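Next comes query.tsv, a file with TSV, C-alpha atoms and all ligand atoms.
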```
chain	number	residue	atom	x	y	z
A	30	MET	CA	-5.56	0.21	33.46
A	31	LEU	CA	-8.83	1.73	32.25
A	32	ASN	CA	-11.29	-0.71	30.84
A	33	ASN	CA	-12.91	0.12	27.51
A	34	ILE	CA	-15.31	-2.79	27.81
A	35	ILE	CA	-17.15	-1.55	30.91
A	36	LEU	CA	-19.94	0.76	29.80
A	37	PRO	CA	-20.73	3.78	31.97
A	38	ILE	CA	-23.85	3.14	34.05
A	39	THR	CA	-26.88	5.02	32.72
A	40	THR	CA	-28.96	7.28	34.93
A	41	GLU	CA	-31.94	4.89	34.55
A	42	GLU	CA	-29.88	1.92	35.68
A	43	ALA	CA	-28.44	3.93	38.57
A	44	GLN	CA	-32.03	4.75	39.60
A	45	PHE	CA	-32.98	1.09	39.47
A	46	VAL	CA	-29.98	0.01	41.58
A	47	PHE	CA	-30.54	2.87	44.03
A	48	LYS	CA	-34.11	1.67	44.62
A	49	ARG	CA	-32.80	-1.84	45.26
A	50	CYS	CA	-30.41	-0.40	47.86
A	51	VAL	CA	-33.31	1.39	49.54
A	52	GLU	CA	-35.17	-1.93	49.76
A	53	GLN	CA	-32.18	-3.50	51.51
A	54	VAL	CA	-32.00	-0.55	53.92
A	55	ARG	CA	-35.72	-1.03	54.63
A	56	ARG	CA	-35.15	-4.73	55.41
A	57	ASN	CA	-32.47	-3.72	57.91
A	58	LEU	CA	-34.60	-1.22	59.87
A	59	LYS	CA	-35.85	-3.85	62.29
A	60	LEU	CA	-32.35	-4.77	63.40
A	61	PHE	CA	-30.73	-1.36	63.00
A	62	THR	CA	-32.94	1.42	64.35
A	63	TYR	CA	-31.93	1.34	68.01
A	64	LYS	CA	-28.66	-0.44	67.17
A	65	PHE	CA	-26.10	0.10	64.40
A	66	PRO	CA	-24.35	-2.29	62.02
A	67	PHE	CA	-20.69	-2.99	62.90
A	68	ALA	CA	-18.03	-1.53	60.57
A	69	ALA	CA	-17.66	-4.72	58.55
A	70	SER	CA	-19.84	-7.75	58.03
A	71	GLU	CA	-19.04	-11.31	59.13
A	72	ASN	CA	-19.61	-13.74	56.29
A	73	ASN	CA	-21.42	-10.84	54.57
A	74	PHE	CA	-23.87	-10.17	57.42
A	75	TYR	CA	-23.56	-7.15	59.70
A	76	GLN	CA	-24.04	-7.73	63.41
A	77	PRO	CA	-25.63	-5.06	65.64
A	78	ILE	CA	-23.58	-2.81	67.94
A	79	ASP	CA	-24.32	0.20	70.12
A	80	ASN	CA	-23.37	3.69	68.99
A	81	ILE	CA	-19.73	3.27	70.06
A	82	TYR	CA	-17.64	2.95	66.92
A	83	TRP	CA	-16.21	5.46	64.40
A	84	THR	CA	-18.43	4.10	61.64
A	85	THR	CA	-21.98	4.34	62.97
A	86	GLY	CA	-22.77	7.56	61.05
A	87	PHE	CA	-22.46	5.72	57.74
A	88	TRP	CA	-25.60	3.76	58.56
A	89	THR	CA	-27.58	6.84	59.57
A	90	GLY	CA	-26.35	8.44	56.34
A	91	GLN	CA	-27.84	5.54	54.41
A	92	LEU	CA	-31.16	6.17	56.17
A	93	TRP	CA	-31.09	9.80	55.05
A	94	LEU	CA	-30.24	8.82	51.47
A	95	ALA	CA	-33.09	6.28	51.54
A	96	TYR	CA	-35.42	9.00	52.83
A	97	GLU	CA	-34.38	11.41	50.08
A	98	GLN	CA	-34.81	8.75	47.40
A	99	SER	CA	-38.17	7.43	48.59
A	100	HIS	CA	-39.68	10.36	50.56
A	101	GLU	CA	-40.93	7.75	53.03
A	102	ASN	CA	-41.15	8.91	56.63
A	103	ILE	CA	-40.20	5.50	57.98
A	104	PHE	CA	-36.56	6.29	57.09
A	105	LYS	CA	-36.75	9.80	58.54
A	106	TYR	CA	-38.18	8.56	61.86
A	107	ALA	CA	-35.49	5.89	62.19
A	108	ALA	CA	-32.75	8.42	61.38
A	109	LEU	CA	-34.13	10.90	63.93
A	110	ILE	CA	-34.10	8.18	66.62
A	111	GLN	CA	-30.41	7.79	65.79
A	112	VAL	CA	-29.84	11.55	65.97
A	113	GLU	CA	-30.89	11.34	69.65
A	114	SER	CA	-28.31	8.60	70.12
A	115	PHE	CA	-25.63	10.82	68.54
A	116	LEU	CA	-26.58	13.70	70.84
A	117	HIS	CA	-26.30	11.40	73.85
A	118	ARG	CA	-22.95	10.13	72.59
A	119	ILE	CA	-21.31	13.54	72.25
A	120	GLN	CA	-22.88	14.91	75.46
A	121	ASN	CA	-21.43	11.98	77.37
A	122	LYS	CA	-18.20	11.76	75.34
A	123	ILE	CA	-18.75	8.09	74.54
A	124	GLU	CA	-15.91	6.75	72.37
A	125	VAL	CA	-15.05	10.11	70.83
A	126	ASP	CA	-11.34	10.08	71.64
A	127	HIS	CA	-10.44	10.38	67.94
A	128	HIS	CA	-10.66	12.54	64.81
A	129	ASP	CA	-13.70	10.92	63.18
A	130	MET	CA	-16.28	13.47	64.26
A	131	GLY	CA	-17.17	14.21	60.62
A	132	PHE	CA	-17.78	10.60	59.66
A	133	LEU	CA	-20.04	10.36	62.70
A	134	TYR	CA	-21.80	13.72	62.71
A	135	SER	CA	-21.88	15.03	59.10
A	136	LEU	CA	-23.79	12.01	57.84
A	137	SER	CA	-26.15	11.73	60.81
A	138	CYS	CA	-26.73	15.15	62.36
A	139	VAL	CA	-25.66	17.67	59.70
A	140	ALA	CA	-27.76	15.67	57.23
A	141	ALA	CA	-30.68	15.72	59.69
A	142	TYR	CA	-30.37	19.46	60.19
A	143	LYS	CA	-30.16	20.15	56.45
A	144	LEU	CA	-33.14	17.92	55.65
A	145	THR	CA	-35.45	18.58	58.62
A	146	GLY	CA	-34.08	21.55	60.59
A	147	ASP	CA	-33.97	19.36	63.72
A	148	LYS	CA	-32.56	21.45	66.59
A	149	ASN	CA	-30.99	18.56	68.48
A	150	ALA	CA	-29.18	17.51	65.33
A	151	LYS	CA	-27.68	20.99	65.00
A	152	LYS	CA	-26.71	21.02	68.68
A	153	ALA	CA	-25.05	17.59	68.48
A	154	ALA	CA	-23.13	18.43	65.29
A	155	LEU	CA	-21.84	21.70	66.76
A	156	MET	CA	-20.72	19.90	69.91
A	157	ALA	CA	-18.89	17.39	67.71
A	158	ALA	CA	-17.21	20.21	65.78
A	159	ASP	CA	-16.08	21.79	69.07
A	160	HIS	CA	-14.75	18.44	70.19
A	161	LEU	CA	-12.82	18.03	66.93
A	162	LEU	CA	-11.15	21.41	67.49
A	163	THR	CA	-9.69	20.10	70.76
A	164	ARG	CA	-7.56	17.70	68.73
A	165	PHE	CA	-5.82	20.51	66.83
A	166	ARG	CA	-2.09	20.56	67.65
A	167	ASP	CA	-0.46	23.93	67.40
A	168	LYS	CA	2.98	22.36	67.12
A	169	GLY	CA	2.79	20.92	63.61
A	170	GLN	CA	-0.56	22.59	62.75
A	171	PHE	CA	-2.75	19.52	62.32
A	172	ILE	CA	-5.70	17.68	63.84
A	173	GLN	CA	-4.29	14.71	65.72
A	174	ALA	CA	-5.59	11.31	64.71
A	175	TRP	CA	-6.85	8.63	67.05
A	176	GLY	CA	-5.68	7.95	70.58
A	177	ASN	CA	-4.94	9.87	73.74
A	178	ILE	CA	-3.91	13.42	72.82
A	179	GLU	CA	-1.72	13.67	75.90
A	180	GLY	CA	0.46	10.82	74.61
A	181	THR	CA	3.45	11.50	72.35
A	182	SER	CA	3.48	8.20	70.47
A	183	ASN	CA	0.40	9.21	68.49
A	184	TYR	CA	1.58	12.63	67.36
A	185	ARG	CA	0.34	12.23	63.82
A	186	LEU	CA	-2.29	13.04	61.25
A	187	ILE	CA	-3.95	10.62	58.85
A	188	ILE	CA	-5.16	11.17	55.29
A	189	ASP	CA	-8.66	9.90	56.21
A	190	SER	CA	-9.21	13.01	58.29
A	191	LEU	CA	-9.74	15.21	55.22
A	192	LEU	CA	-13.30	13.85	55.25
A	193	ASN	CA	-13.82	15.16	58.78
A	194	LEU	CA	-13.23	18.78	57.80
A	195	PRO	CA	-16.58	19.54	56.13
A	196	LEU	CA	-18.09	19.35	59.64
A	197	LEU	CA	-15.88	22.31	60.58
A	198	TYR	CA	-16.81	24.32	57.47
A	199	TRP	CA	-20.48	23.63	58.20
A	200	ALA	CA	-19.98	24.84	61.80
A	201	THR	CA	-18.53	28.11	60.50
A	202	GLU	CA	-21.46	28.47	58.11
A	203	VAL	CA	-24.08	28.09	60.83
A	204	THR	CA	-22.31	29.96	63.66
A	205	LYS	CA	-20.46	32.57	61.51
A	206	ASP	CA	-17.47	31.82	63.75
A	207	LYS	CA	-14.37	31.48	61.55
A	208	LYS	CA	-12.39	29.43	64.08
A	209	TYR	CA	-13.72	26.15	62.68
A	210	ALA	CA	-12.83	26.90	59.04
A	211	ASP	CA	-9.43	28.29	60.12
A	212	ILE	CA	-8.47	25.01	61.76
A	213	ALA	CA	-9.78	23.04	58.78
A	214	ASN	CA	-7.67	25.20	56.42
A	215	LYS	CA	-4.56	24.65	58.53
A	216	HIS	CA	-5.11	20.91	58.70
A	217	ILE	CA	-5.57	20.60	54.91
A	218	THR	CA	-2.43	22.62	54.23
A	219	THR	CA	-0.31	20.47	56.55
A	220	SER	CA	-1.83	17.21	55.35
A	221	LEU	CA	-1.32	17.86	51.66
A	222	GLN	CA	2.22	19.07	52.24
A	223	TYR	CA	3.27	15.81	53.89
A	224	VAL	CA	1.04	12.90	52.89
A	225	VAL	CA	1.38	13.35	49.12
A	226	ARG	CA	4.62	11.81	47.83
A	227	ASP	CA	6.58	12.94	44.74
A	228	ASP	CA	4.92	10.28	42.57
A	229	TYR	CA	1.46	11.36	43.88
A	230	SER	CA	0.89	8.22	45.86
A	231	THR	CA	0.05	8.97	49.50
A	232	TYR	CA	1.04	7.99	53.01
A	233	HIS	CA	-1.69	6.82	55.34
A	234	THR	CA	-0.26	8.57	58.41
A	235	PHE	CA	2.39	11.23	58.97
A	236	TYR	CA	4.23	11.91	62.26
A	237	PHE	CA	5.51	15.15	63.74
A	238	ASP	CA	7.90	15.91	66.56
A	239	PRO	CA	5.65	16.66	69.57
A	240	VAL	CA	8.17	19.12	71.05
A	241	THR	CA	9.09	21.18	67.99
A	242	GLY	CA	6.26	20.30	65.57
A	243	ALA	CA	8.83	19.46	62.89
A	244	PRO	CA	7.70	16.92	60.26
A	245	SER	CA	9.12	13.50	61.01
A	246	HIS	CA	8.08	10.62	58.75
A	247	GLY	CA	5.25	8.82	56.97
A	248	GLU	CA	4.00	5.40	57.99
A	249	THR	CA	1.12	3.14	57.21
A	250	CYS	CA	-1.32	1.59	59.61
A	251	GLN	CA	-3.81	-0.12	57.30
A	252	GLY	CA	-1.83	-0.18	54.04
A	253	TYR	CA	0.50	-3.01	53.03
A	254	LYS	CA	3.75	-1.23	53.96
A	255	ASN	CA	5.05	2.23	54.74
A	256	ASN	CA	5.95	3.17	51.18
A	257	SER	CA	2.99	1.59	49.41
A	258	ALA	CA	-0.33	3.33	48.77
A	259	TRP	CA	-3.26	1.99	50.77
A	260	ALA	CA	-6.18	1.90	48.32
A	261	ARG	CA	-8.66	3.48	50.71
A	262	GLY	CA	-6.19	6.05	51.92
A	263	GLN	CA	-5.64	7.23	48.34
A	264	ALA	CA	-9.45	7.30	47.95
A	265	TRP	CA	-9.85	9.41	51.10
A	266	GLY	CA	-7.26	11.71	49.55
A	267	ILE	CA	-9.13	12.01	46.24
A	268	TYR	CA	-12.53	12.71	47.78
A	269	GLY	CA	-10.97	14.76	50.59
A	270	VAL	CA	-9.19	17.06	48.14
A	271	ALA	CA	-12.39	17.50	46.10
A	272	LEU	CA	-14.27	18.50	49.26
A	273	SER	CA	-11.39	20.74	50.32
A	274	TYR	CA	-11.71	22.54	46.99
A	275	ARG	CA	-15.46	22.84	47.48
A	276	TYR	CA	-14.92	24.79	50.69
A	277	THR	CA	-11.69	26.71	50.00
A	278	ARG	CA	-11.69	27.23	46.20
A	279	LYS	CA	-7.89	27.03	46.28
A	280	LYS	CA	-6.87	26.39	42.67
A	281	GLU	CA	-3.80	24.34	43.62
A	282	TYR	CA	-6.08	21.64	45.03
A	283	ILE	CA	-7.38	20.92	41.52
A	284	ASN	CA	-3.90	19.92	40.36
A	285	ILE	CA	-3.32	17.80	43.43
A	286	PHE	CA	-6.67	16.12	42.73
A	287	ARG	CA	-5.64	15.42	39.11
A	288	ASN	CA	-2.30	13.96	40.13
A	289	ILE	CA	-3.43	11.71	42.97
A	290	THR	CA	-6.41	10.55	40.88
A	291	ASN	CA	-4.16	9.69	37.95
A	292	PHE	CA	-1.90	7.69	40.24
A	293	TYR	CA	-4.93	5.78	41.54
A	294	LEU	CA	-6.36	5.14	38.07
A	295	SER	CA	-2.99	3.92	36.79
A	296	LYS	CA	-2.99	1.16	39.43
A	297	LEU	CA	-6.49	-0.19	38.84
A	298	PRO	CA	-6.98	-3.73	37.59
A	299	GLU	CA	-9.20	-4.36	34.57
A	300	ASP	CA	-12.51	-4.12	36.41
A	301	MET	CA	-11.56	-0.70	37.87
A	302	VAL	CA	-11.96	-1.81	41.49
A	303	PRO	CA	-8.64	-1.79	43.35
A	304	PHE	CA	-6.99	-4.41	45.44
A	305	TRP	CA	-6.81	-3.31	49.07
A	306	ASP	CA	-3.40	-1.73	48.47
A	307	LEU	CA	-2.34	-0.18	45.15
A	308	GLU	CA	0.88	-2.21	45.42
A	309	PHE	CA	-1.18	-5.11	44.05
A	310	THR	CA	-2.31	-4.96	40.44
A	311	ASN	CA	-3.78	-7.15	37.68
A	312	GLY	CA	-3.43	-10.84	38.42
A	313	SER	CA	-2.93	-10.49	42.18
A	314	LYS	CA	-4.76	-12.90	44.49
A	315	GLU	CA	-5.06	-10.28	47.23
A	316	PRO	CA	-8.59	-9.15	48.25
A	317	ARG	CA	-10.20	-6.07	46.75
A	318	ASP	CA	-11.48	-3.01	48.51
A	319	SER	CA	-14.76	-2.20	46.77
A	320	SER	CA	-15.31	0.68	49.22
A	321	SER	CA	-12.29	2.48	47.80
A	322	ALA	CA	-13.88	2.54	44.33
A	323	ALA	CA	-17.18	3.85	45.72
A	324	ILE	CA	-15.37	6.66	47.59
A	325	VAL	CA	-13.37	7.61	44.49
A	326	ALA	CA	-16.52	7.69	42.35
A	327	CYS	CA	-18.03	10.22	44.79
A	328	GLY	CA	-14.82	12.27	44.68
A	329	LEU	CA	-14.80	12.34	40.87
A	330	LEU	CA	-18.47	13.36	40.77
A	331	GLU	CA	-17.83	16.13	43.32
A	332	MET	CA	-14.81	17.54	41.49
A	333	ALA	CA	-16.68	17.44	38.17
A	334	HIS	CA	-18.61	20.52	39.38
A	335	TYR	CA	-15.48	22.67	39.40
A	336	ILE	CA	-13.36	21.79	36.37
A	337	PRO	CA	-13.57	22.49	32.61
A	338	GLU	CA	-16.40	20.64	30.89
A	339	ASN	CA	-14.30	18.22	28.81
A	340	GLU	CA	-12.37	17.16	31.89
A	341	ALA	CA	-15.56	16.88	33.93
A	342	VAL	CA	-17.03	14.56	31.29
A	343	TYR	CA	-13.87	12.41	31.49
A	344	TYR	CA	-14.10	12.02	35.29
A	345	VAL	CA	-17.86	11.48	35.30
A	346	THR	CA	-17.44	8.74	32.68
A	347	ILE	CA	-14.83	7.04	34.85
A	348	ALA	CA	-17.13	7.30	37.88
A	349	ARG	CA	-20.01	5.81	35.89
A	350	LYS	CA	-17.78	2.93	34.74
A	351	MET	CA	-16.57	2.25	38.27
A	352	ILE	CA	-20.15	2.17	39.55
A	353	GLN	CA	-21.20	-0.10	36.66
A	354	SER	CA	-18.41	-2.48	37.59
A	355	LEU	CA	-19.49	-2.41	41.25
A	356	VAL	CA	-23.08	-3.12	40.17
A	357	ASP	CA	-22.02	-6.00	37.90
A	358	HIS	CA	-19.51	-7.75	40.16
A	359	TYR	CA	-19.73	-6.48	43.76
A	360	ALA	CA	-23.28	-5.33	44.58
A	361	VAL	CA	-25.66	-7.56	46.54
A	362	ASP	CA	-28.59	-8.42	44.30
A	363	ASP	CA	-29.79	-11.45	46.26
A	364	PHE	CA	-30.71	-10.34	49.78
A	365	SER	CA	-30.44	-13.90	51.10
A	366	ILE	CA	-26.63	-13.83	50.83
A	367	SER	CA	-26.00	-10.56	52.70
A	368	ASN	CA	-27.64	-7.74	54.63
A	369	GLY	CA	-25.16	-5.28	53.08
A	370	LEU	CA	-24.99	-3.54	49.73
A	371	LEU	CA	-21.46	-3.99	48.44
A	372	LEU	CA	-19.42	-7.19	48.78
A	373	HIS	CA	-15.62	-7.55	48.70
A	374	GLY	CA	-14.51	-4.62	50.79
A	375	THR	CA	-11.48	-4.73	53.08
A	376	TYR	CA	-11.48	-2.92	56.42
A	377	SER	CA	-7.96	-3.77	57.57
A	378	LYS	CA	-5.71	-6.58	56.48
A	379	ARG	CA	-2.68	-7.44	58.57
A	380	SER	CA	0.56	-7.63	56.59
A	381	PRO	CA	4.12	-8.37	57.73
A	382	TYR	CA	4.80	-4.63	57.56
A	383	ASN	CA	1.75	-2.85	58.99
A	384	THR	CA	0.31	-2.30	62.46
A	385	CYS	CA	-3.43	-2.78	62.08
A	386	ASN	CA	-5.77	-5.38	63.54
A	387	HIS	CA	-6.93	-7.95	61.01
A	388	CYS	CA	-10.65	-7.30	60.56
A	389	GLY	CA	-13.29	-7.32	57.85
A	390	VAL	CA	-11.27	-8.75	54.96
A	391	ASP	CA	-13.32	-9.51	51.83
A	392	GLU	CA	-16.52	-8.40	53.55
A	393	CYS	CA	-19.12	-5.65	53.23
A	394	THR	CA	-18.05	-2.39	54.88
A	395	ILE	CA	-20.61	0.05	56.16
A	396	TRP	CA	-18.88	3.02	54.51
A	397	GLY	CA	-18.60	1.11	51.23
A	398	ASP	CA	-22.38	0.71	51.36
A	399	TYR	CA	-22.83	4.40	52.24
A	400	PHE	CA	-20.59	5.72	49.43
A	401	PHE	CA	-22.15	3.32	46.92
A	402	MET	CA	-25.54	4.85	47.75
A	403	GLU	CA	-24.10	8.38	47.73
A	404	ALA	CA	-22.62	7.80	44.26
A	405	LEU	CA	-25.98	6.47	43.01
A	406	MET	CA	-27.67	9.53	44.52
A	407	ARG	CA	-25.19	11.81	42.78
A	408	LEU	CA	-25.81	10.01	39.46
A	409	THR	CA	-29.58	10.37	39.70
A	410	LYS	CA	-30.15	13.79	41.26
A	411	ASP	CA	-28.58	17.23	41.63
A	412	TRP	CA	-27.82	16.46	45.25
A	413	GLU	CA	-27.20	18.81	48.19
A	414	THR	CA	-24.34	17.06	49.98
A	415	TYR	CA	-24.32	16.17	53.69
A	416	TRP	CA	-20.56	16.91	53.75
B	501	LIG	N1	-10.78	5.72	58.42
B	501	LIG	C1	-10.42	4.38	58.68
B	501	LIG	C2	-10.60	3.50	57.53
B	501	LIG	O1	-10.80	3.95	56.40
B	501	LIG	O2	-10.56	2.28	57.71
```
Show how you would write the structure in this file as structure tokens.
Amino acid sequence: MLNNIILPITTEEAQFVFKRCVEQVRRNLKLFTYKFPFAASENNFYQPIDNIYWTTGFWTGQLWLAYEQSHENIFKYAALIQVESFLHRIQNKIEVDHHDMGFLYSLSCVAAYKLTGDKNAKKAALMAADHLLTRFRDKGQFIQAWGNIEGTSNYRLIIDSLLNLPLLYWATEVTKDKKYADIANKHITTSLQYVVRDDYSTYHTFYFDPVTGAPSHGETCQGYKNNSAWARGQAWGIYGVALSYRYTRKKEYINIFRNITNFYLSKLPEDMVPFWDLEFTNGSKEPRDSSSAAIVACGLLEMAHYIPENEAVYYVTIARKMIQSLVDHYAVDDFSISNGLLLHGTYSKRSPYNTCNHCGVDECTIWGDYFFMEALMRLTKDWETYW
């Protein structure tokens, strides 16, 4: 349900909130320059980890956004220290046995290269793109999700991976080698063919036969059940399709975007921030996933560049309302209660029907914080994306 009471956030207010986010990032530099925040907070406070998880790039991305907003070198120096860590990680193949090279390297090293021309950042991001190519499966034509690629029990793609493809398009741009974009194009085509259901809800994961490559079946890992729509998965789909259009200009992606977005919007509770699975609607006691709303806002603002003006205004207004709701009810405005930016995210909630580990329920998530800042950046500046 779309709320007519929430007013779209103004550019001035977005600027004000963005500056407050930058202050929180500054407070975190001491703890998180040589270390990284974990994926989700514990009691709303992130604990430090080494650069070993799929989420560490979201923090470096926040440093780059803080640098762009403030022009203060303190953020650039901290981010460049982390770029060295990302180079070390890919050179030594530390915890990179998965598809999330884009989440890790677009927001840290591609951003660094675009903003500073740093040579090590370019080198690291290209190595990550090469590594991502190794997960492409000819049989089935997709980039295999997490886990050992030799194994057959993980012969699947996941909707989240659409966000990892801009790294490949960037690699083609800088090397002029089309192999990266070719694989990205193939992965998008396969993903959209199988993860989008007839009602425009989406599967989280989709399996293929490892011998023949034939499509097998959809399942969830982090959603409530196999035939529900995980709120963040649908959000990855919305932003992923917008970014896919950015790089391919395939007109059919605009219609897919419209349809999966409309499904998502039709499931929102009154404050326009979803429960963790779109199965749950107004009145549910289930936790929210604020990160899903922040991701969708970025997707709507991205797609607004490519569609007719009246439709663009509609989606931008929705994005502004979602961000206003996040500011009013989810954002941290008292730094003593949290070292994050956005409360009430859900990383993965165990249900009787899913297979995920229970972690980070009703907590800050580091990507929720990143996309909240990215949306504020998009609302205040004509922004050159890191994706
Ligand atoms: N890409 C994993 C997640 O969204 O939790």
*Closest of A:Gly131, A:Ala348, A:Gly146, A:Asp227 to Leu196 in chain A - atom-to-atom distances counting only C-alpha atoms*: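 Smallest distance to Leu196 in chain A is found for A:Gly131.
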*Compare A:Ile188, A:Leu92, A:Cys327, A:Ala341 by their minimum atom-to-atom distance to ligand LIG 501 (chain B), counting only C-alpha atoms and all ligand atoms, and give me the closest one.*
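Closest to ligand LIG 501 (chain B) of all the choices is A:Ile188.
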*Step by step, measure atom-to-atom distances between ligand LIG 501 (chain B) and each residue using all atoms listed in the file, keep those at most 7 Å, then write them as a PyMOL selection string.*
chain A and resi 189+261-262+376-377
Who sits within 10 Å of Cys388 in chain A, only C-alpha atoms, same chain under 4 positions skipped, as a CSV table (one decimal) with C-alpha atoms, in the frame of the given file:
```
chain,number,residue,atom,x,y,z
A,68,ALA,CA,-18.0,-1.5,60.6
A,69,ALA,CA,-17.7,-4.7,58.6
A,70,SER,CA,-19.8,-7.8,58.0
A,71,GLU,CA,-19.0,-11.3,59.1
A,375,THR,CA,-11.5,-4.7,53.1
A,376,TYR,CA,-11.5,-2.9,56.4
A,377,SER,CA,-8.0,-3.8,57.6
A,378,LYS,CA,-5.7,-6.6,56.5
A,379,ARG,CA,-2.7,-7.4,58.6
A,392,GLU,CA,-16.5,-8.4,53.6
```
_Pick from A:Tyr359, A:Tyr209, A:Tyr184, A:Tyr274 nearest to Thr394 in chain A, counting all atoms listed in the file_ =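 Checking each of A:Tyr359, A:Tyr209, A:Tyr184, A:Tyr274 against Thr394 in chain A, counting all atoms listed in the file, the winner is A:Tyr359.
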Surrounding residues of range 157-172 of chain A excluding itself and chain neighbours under 6 positions, 10 Å, all atoms listed in the file, as a short mmCIF file (atom, residue, chain, number, x, y, z; two decimals) with C-alpha atoms, in the coordinates of the input:
```
data_model
loop_
_atom_site.label_atom_id
_atom_site.label_comp_id
_atom_site.auth_asym_id
_atom_site.auth_seq_id
_atom_site.Cartn_x
_atom_site.Cartn_y
_atom_site.Cartn_z
CA PHE A 115 -25.63 10.82 68.54
CA LEU A 116 -26.58 13.70 70.84
CA ARG A 118 -22.95 10.13 72.59
CA ILE A 119 -21.31 13.54 72.25
CA GLN A 120 -22.88 14.91 75.46
CA LYS A 122 -18.20 11.76 75.34
CA VAL A 125 -15.05 10.11 70.83
CA ASP A 126 -11.34 10.08 71.64
CA HIS A 127 -10.44 10.38 67.94
CA HIS A 128 -10.66 12.54 64.81
CA ASP A 129 -13.70 10.92 63.18
CA MET A 130 -16.28 13.47 64.26
CA GLY A 131 -17.17 14.21 60.62
CA LEU A 133 -20.04 10.36 62.70
CA TYR A 134 -21.80 13.72 62.71
CA SER A 135 -21.88 15.03 59.10
CA CYS A 138 -26.73 15.15 62.36
CA LYS A 151 -27.68 20.99 65.00
CA ILE A 178 -3.91 13.42 72.82
CA TYR A 184 1.58 12.63 67.36
CA ARG A 185 0.34 12.23 63.82
CA LEU A 186 -2.29 13.04 61.25
CA ILE A 187 -3.95 10.62 58.85
CA SER A 190 -9.21 13.01 58.29
CA LEU A 191 -9.74 15.21 55.22
CA ASN A 193 -13.82 15.16 58.78
CA LEU A 194 -13.23 18.78 57.80
CA PRO A 195 -16.58 19.54 56.13
CA LEU A 196 -18.09 19.35 59.64
CA LEU A 197 -15.88 22.31 60.58
CA TYR A 198 -16.81 24.32 57.47
CA TRP A 199 -20.48 23.63 58.20
CA ALA A 200 -19.98 24.84 61.80
CA THR A 201 -18.53 28.11 60.50
CA LYS A 208 -12.39 29.43 64.08
CA TYR A 209 -13.72 26.15 62.68
CA ILE A 212 -8.47 25.01 61.76
CA ALA A 213 -9.78 23.04 58.78
CA ASN A 214 -7.67 25.20 56.42
CA LYS A 215 -4.56 24.65 58.53
CA HIS A 216 -5.11 20.91 58.70
CA ILE A 217 -5.57 20.60 54.91
CA THR A 218 -2.43 22.62 54.23
CA THR A 219 -0.31 20.47 56.55
CA SER A 220 -1.83 17.21 55.35
CA TYR A 236 4.23 11.91 62.26
CA PHE A 237 5.51 15.15 63.74
CA ASP A 238 7.90 15.91 66.56
CA PRO A 239 5.65 16.66 69.57
CA VAL A 240 8.17 19.12 71.05
CA THR A 241 9.09 21.18 67.99
CA GLY A 242 6.26 20.30 65.57
CA ALA A 243 8.83 19.46 62.89
CA PRO A 244 7.70 16.92 60.26
#
```
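Remark: for Gln98 in chain A, the closest of the candidate residues A:Ile289, A:Ala404, A:Val51, A:Ala141 is A:Val51 (distances computed over all atoms listed in the file).
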*Name the closest residue to Arg407 in chain A among the candidates A:Ala43, A:Ala153, A:Thr204, A:Trp305; distances are taken between atoms, counting only C-alpha atoms.*
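Nearest candidate to Arg407 in chain A out of A:Ala43, A:Ala153, A:Thr204, A:Trp305: A:Ala43.
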*Choose the residue, out of A:Val302, A:Leu192, A:Val139, A:Ile283, that has the smallest atom-to-atom separation from Pro337 in chain A; count all atoms listed in the file.*
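Closest to Pro337 in chain A, using all atoms listed in the file: A:Ile283.
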*State, in Å with one decimal place, the distance from CA of Leu155 in chain A to CA of Asp206 in chain A.*
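CA of Asp206 in chain A lies 11.4 Å from CA of Leu155 in chain A.
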*Give me, please, the distance in Å between CA of Leu329 in chain A and CA of Tyr343 in chain A, quoted to one decimal.*
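Separation between CA of Leu329 in chain A and CA of Tyr343 in chain A: 9.4 Å.
We find CA of Leu370 in chain A and CA of Lys59 in chain A to be spaced 16.6 Å apart.
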Let me have the centre and edge lengths of the axis-aligned box enclosing all listed atoms of range 121-125 of chain A with 3 Å padding on every side, in Å to one decimal, as JSON.
```
{"center_x": -18.2, "center_y": 9.4, "center_z": 74.1, "size_x": 12.4, "size_y": 11.2, "size_z": 12.5}
```
*asked:* Here's a test: counting all atoms listed in the file, identify every protein, DNA and RNA residue with an atom at most 9 Å from (0.2, 13.4, 53.9) in the file's coordinate frame, and state them as a PyMOL selection string.
replied: chain A and resi 186-188+219-226+231-235+247+266
Which residues come within 10 Å of Asn80 in chain A, counting all atoms listed in the file, excluding same-chain residues fewer than 3 positions away, as a PDB file with C-alpha atoms, keeping the file's coordinate frame?
```pdb
ATOM      1  CA  TYR A  63     -31.930   1.340  68.010  1.00  0.00           C
ATOM      2  CA  LYS A  64     -28.660  -0.440  67.170  1.00  0.00           C
ATOM      3  CA  PHE A  65     -26.100   0.100  64.400  1.00  0.00           C
ATOM      4  CA  PRO A  66     -24.350  -2.290  62.020  1.00  0.00           C
ATOM      5  CA  PHE A  67     -20.690  -2.990  62.900  1.00  0.00           C
ATOM      6  CA  PRO A  77     -25.630  -5.060  65.640  1.00  0.00           C
ATOM      7  CA  TRP A  83     -16.210   5.460  64.400  1.00  0.00           C
ATOM      8  CA  THR A  84     -18.430   4.100  61.640  1.00  0.00           C
ATOM      9  CA  THR A  85     -21.980   4.340  62.970  1.00  0.00           C
ATOM     10  CA  GLY A  86     -22.770   7.560  61.050  1.00  0.00           C
ATOM     11  CA  GLN A 111     -30.410   7.790  65.790  1.00  0.00           C
ATOM     12  CA  SER A 114     -28.310   8.600  70.120  1.00  0.00           C
ATOM     13  CA  PHE A 115     -25.630  10.820  68.540  1.00  0.00           C
ATOM     14  CA  HIS A 117     -26.300  11.400  73.850  1.00  0.00           C
ATOM     15  CA  ARG A 118     -22.950  10.130  72.590  1.00  0.00           C
ATOM     16  CA  ILE A 123     -18.750   8.090  74.540  1.00  0.00           C
ATOM     17  CA  GLU A 124     -15.910   6.750  72.370  1.00  0.00           C
ATOM     18  CA  LEU A 133     -20.040  10.360  62.700  1.00  0.00           C
TER      19      LEU A 133
END
```
